[in-house]
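These notes are about the structure you will find just below.
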Amino acid sequence: MKITKAVIPAAGFGTRFLPATKAIPKEMLPIVDKPTIQYIAEEAIASGITELLIIVSRGKDAIVNHFDKAFELEAVLERDNKQAMLDAVREVSDKIDVHFVRQREQKGLGHAVLCARAFVGNEPFAVMLGDDVVVSDKPCLKQLTEQFEKVGSSVLGVQRVGMDCVSKYGILDCDRVEGRLYKMKSMVEKPKAEEAPSDIAALGRYVLTPAVFKCLERTPRGAGGEIQLTDAIVMLSKTEDVYAYDFEGKRYDIGSKQGFLQATVEFALGRDDLKDEFGAYLKTLVKTI
Ligand code: UTP
């Protein structure tokens, strides 16, 4: 079965980026000139997703506006024959159906995913977090949906993060099946290094079967007082196989300032229109550090 629906939870407070995120959603912070959430939507499109649901909350209207038609702006760009800018403005909204639902209270990522139940219905679906932007030859989500088509069960996107970073992620206890594919035995949210079963972390890309909703319904508040997607996936793994795939690609932790800055610099250096001038500027800076 092909995965055609994806959910992007974007209702969190984004406290690590305050005060910027007081009035601007974290997902709208640009990497160079494109909001983070657009990179995620583009990955979804490149992975064969045709319907996208974004979970928003109060104060996140800029996300809704971003995916809407900008009628006046487009009319002016059309009049002035600014085709490249017009294409940039229309890039995503013309290629995918985007829906929105509000999470009325920020009770955690698991609760945000539960808000997608009516949209998803009874079919497998993808969850994509804006905190992780992945640059890869084959889109990260596509790597996971291909595995899903092989194993017919939920597949989590994972990478090794090093034992010094395990306390930031959902960490898996798992066995290798073959190559990059693992079978999950358990998972623990943000463990201390000495308690972590491995350094294999779930990194913001999931393909899940709809049975996860029944688990989410029964998941009590966990780490940080939030309803954790991790806990629901552990519950799911008791009744269904859950796999993990060590996806290929460079991943940026955009939810942290360090990751956000790294992505900004590296994405700029990857752009033909910026790399020469910006690269030369960086070289002058390096001499002064
Ligand atoms: P995070 O905890 O990383 O995001 O949640 P946050 O809460 O927005 O950021 P900080 O930690 O305060 O800086 C992971 C993802 O889950 C979403 C967030 O928007 C983010 O994409 N989320 C989290 C929700 O949609 N609802 C919630 O109640 C909590």
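How things are named: the first chain in the structure tokens is A, the next is B, and so on; residues count from 1 in each chain; ligands count from 1 in the order shown.
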At a cut-off of 9 Å around ligand 1, and using only C-alpha atoms and all ligand atoms, what residues come up? Please write them as a ChimeraX atom specification. /A:8-18,21,25-27,54-57,103-113,128-132,204,226-228,255-256
Extract the full set of helix (DSSP H, G or I) residues from range 55-145 of chain A according to DSSP on the backbone, and format it as a PyMOL selection string. chain A and resi 61-66+71-79+83-90+109-114+117-120+140-145
Show me, as CSV, the residues of range 132-185 of chain A having an atom within 12 Å of range 33-52 of chain A, each with the closest atom pair and its distance in Å, using only C-alpha atoms.
```
residue,atom,partner,partner_atom,distance
A:Asp132,CA,A:Ile40,CA,8.6
A:Val133,CA,A:Ile40,CA,6.9
A:Val134,CA,A:Glu43,CA,8.7
A:Val135,CA,A:Glu43,CA,9.4
A:Ser136,CA,A:Glu43,CA,10.0
A:Asp137,CA,A:Ala46,CA,11.0
A:Lys138,CA,A:Ser47,CA,8.6
A:Pro139,CA,A:Glu43,CA,6.0
A:Cys140,CA,A:Glu43,CA,7.4
A:Leu141,CA,A:Ser47,CA,5.9
A:Lys142,CA,A:Ser47,CA,4.5
A:Gln143,CA,A:Ser47,CA,8.3
A:Leu144,CA,A:Ser47,CA,9.3
A:Thr145,CA,A:Ser47,CA,7.9
A:Glu146,CA,A:Ser47,CA,9.5
```
Hey, which of A:Val32, A:Ile3, A:Val101, A:Val166 ends up closest to Ser153 in chain A? Count only C-alpha atoms.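 When distances to Ser153 in chain A are compared using only C-alpha atoms, the smallest one comes from A:Ile3.
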Spatial neighbours of Phe148 in chain A, max dist 10 Å, only C-alpha atoms, sep filter under 6 positions, as a list in words: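 Close residues of Phe148 in chain A: Met1, Lys2, Ile3, Pro124, Lys142, Ser154, Val155, Leu156, Val207, Leu208, Thr209, Tyr243, Ala244 and Tyr245 of chain A.
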Could you give me, as a ChimeraX atom specification, each residue of range 206-243 of chain A that DSSP assigns to strand (DSSP E or B) when run on this structure's backbone? /A:206-208,242-243
Since we have the selection now, will you write its residues out, keeping C-alpha atoms, as a PDB file, in the first residue's frame?
```pdb
ATOM      1  CA  TYR A 206       7.750   8.048  10.966  1.00  0.00           C
ATOM      2  CA  VAL A 207       5.536   5.805   8.868  1.00  0.00           C
ATOM      3  CA  LEU A 208       2.815   4.492  11.175  1.00  0.00           C
ATOM      4  CA  VAL A 242       7.683  -1.948  14.412  1.00  0.00           C
ATOM      5  CA  TYR A 243      10.800  -1.444  12.304  1.00  0.00           C
TER       6      TYR A 243
END
```
